[in-house]
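Single-structure report; data block below.
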Amino acid sequence: MLRNYSNSRTLGDNIRLGTLTAFTAGTINIASLLIFLSFTSNVTGHYAILAAEISKANWSQVAVVGGWIFLFFFGGFVSNFMVINFNRKSKYFAHAMPLVLEIACLLFVGIYGQFYYRKTLEETEYLVALMLFATGLQNGLTASISNFSVKTTHLTGTTTDLGILFSMFTQKKFRKNGELVARAKLLMSIMLAYVLGAVFSGLTYYYLEFRVFYVICLCLLVVIGYDAYKIHLRHYNTQYRYSKIYRKPNFLAFLYDKIHGGSGIKQKGEKKRKLIFEE
């Protein structure tokens with residue numbers, strides 16, 4: 001989900017990334033609505049509020065809402081900054097760091113809300129700001145690494161695109177277009193995952209309260225851990241193949257043979273290192 005970048009990503013990569021992050025975005029949005037009476041996975045409504053407060057010359061609220069919008073923007077900026085600057089060193093590291101920051105923000109909201117929140121206006125404004133920054137990080141990351149194919153924190157564009165695609169599917173030639181069908185599958189998976197996350201948050205908030213943010217962090221850890229597992233598994237298999245070719249024992253290959261009952265590894269010093277070509 002996080003290793004591949006831009007056009008090298010497969011439909012499966014995008015669907016897995018889209019569904020998990022859309023589920024978390026839906027959960028975050030409903031949790032913030034129930035707790036703070038404010039949406040935090042998008043800023044469309046906040047722009048309307050900003051305009052209304054400007055018309056009323058309510059400059060203190062203009063500053064607050066303007067700050068919220070900026071933090072969502074800044075989250076996207078930080079995500080893409082990490083992607084384009086650390087990609088050469090490690091794609092996985094560059095793509096995982098925005099999610100690590102998002103987890104840190106949401107953990108802070110959960111812990112602070114559970115133990116210290118006193119429902120004051122100032123506290124609410126700061127916590128909403130932090131959540132908007134977190135969702136900006138997520139939206140910026142998914143859009144950046146997928147060449148803008150995956151955006152998971154709001155469904156306005158998704159619903160519009162699905163409407164266009166379904167109108168195109170009324171003609172047979174478009175229904176046979178694999179690229180359009182794949183796009184529709186991706187958008188449908190994102191939409192359904194977002195709704196499921198929102199329903200989950202609405203059903204469980206009254207039992208979990210601020211602990212719902214721990215569940216969200218767990219979902220994001222799955223995104224990070226999936227690729228970490230795949231990377232280490234690939235390294236494990238490479239080390240095993242290396243030991244088989246060169247007859248050079250190493251711990252990973254030894255462990256593999258112990259588990260699977262293989263006996264192709266020579267003990268150290270039994271035979272001089274030699275490259276063997278199989279027929």
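Note on naming: chains are A, B, ... as they come in the structure tokens, residues start from 1 per chain, ligands start from 1 in the order shown.
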List as a PyMOL selection string the protein and nucleic acid residues near Asp161 of chain A, meaning an atom at most 9 Å away when only C-alpha atoms are counted, but skip any in the same chain fewer than 5 places from it. chain A and resi 156+166+184+187
Close residues, Phe36 of chain A itself excluded, 10 Å, only C-alpha atoms, min 5 positions apart in chain, as a list in words: Ile30, Ala31, Lys119, Leu121, Glu123, Thr124, Glu125, Leu127 and Val128 of chain A
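Of note, atom CA of Val212 of chain A and atom CA of Ala134 of chain A are spaced 15.3 Å apart.
Between atom CA of Ala193 of chain A and atom CA of Tyr214 of chain A the interatomic distance comes to 18.2 Å.
The shortest atom-to-atom distance to Thr142 of chain A, with only C-alpha atoms taken into account, belongs to A:Ile15 out of A:Ile15, A:Leu208, A:Cys105, A:Met188.
Nearest to His154 of chain A of all the residues A:Val215, A:Leu220, A:Met191, A:Leu99 is A:Met191, based on only C-alpha atoms.
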Minimum-distance residue to Leu34 of chain A, chosen among A:Ser144, A:Ser79, A:Ser189, A:Ser201 (using only C-alpha atoms):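 Residue with the minimum atom-to-atom distance to Leu34 of chain A: A:Ser201.
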I need the alpha helix (DSSP H) residues of segment 147-193 of chain A per DSSP on the backbone, written as a PyMOL selection string. chain A and resi 156-168+172-175+178-193
One decimal, Å: what's the distance from atom CA of Met168 of chain A over to atom CA of Ala22 of chain A, could you say?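 About the pair atom CA of Met168 of chain A and atom CA of Ala22 of chain A: they are 25.1 Å apart.
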Skip segment 44-48 of chain A itself and residues of its chain fewer than 3 positions away, then list as JSON, numbers by chain all residues within 10 Å of it, counting only C-alpha atoms. {"A": [38, 39, 40, 41, 51, 52, 53, 54, 65, 66, 68, 69, 154, 156]}
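Proximity ranking of A:Leu218, A:Ala143, A:Thr158, A:Leu37 relative to Leu192 of chain A places A:Thr158 first, based on only C-alpha atoms.
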Neighbours of Gly110 of chain A within 12 Å (only C-alpha atoms; same-chain residues fewer than 3 positions away dropped), as a list in words?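 Returned residues: Ile28, Ala31, Ser32, Ile35, Ile103, Ala104, Cys105, Leu106, Leu107, Gly113, Gln114, Phe115, Tyr116, Tyr117, Leu127, Leu130, Met131, Leu208, Glu209, Phe210, Arg211, Val212, Phe213, Tyr214, Val215, Ile216 and Cys217 of chain A.
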Minimum-distance residue to Ile84 of chain A, chosen among A:Ile145, A:Phe133, A:Val222, A:Asp227 (using only C-alpha atoms):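 Ranked by minimum distance to Ile84 of chain A, first place goes to A:Ile145.
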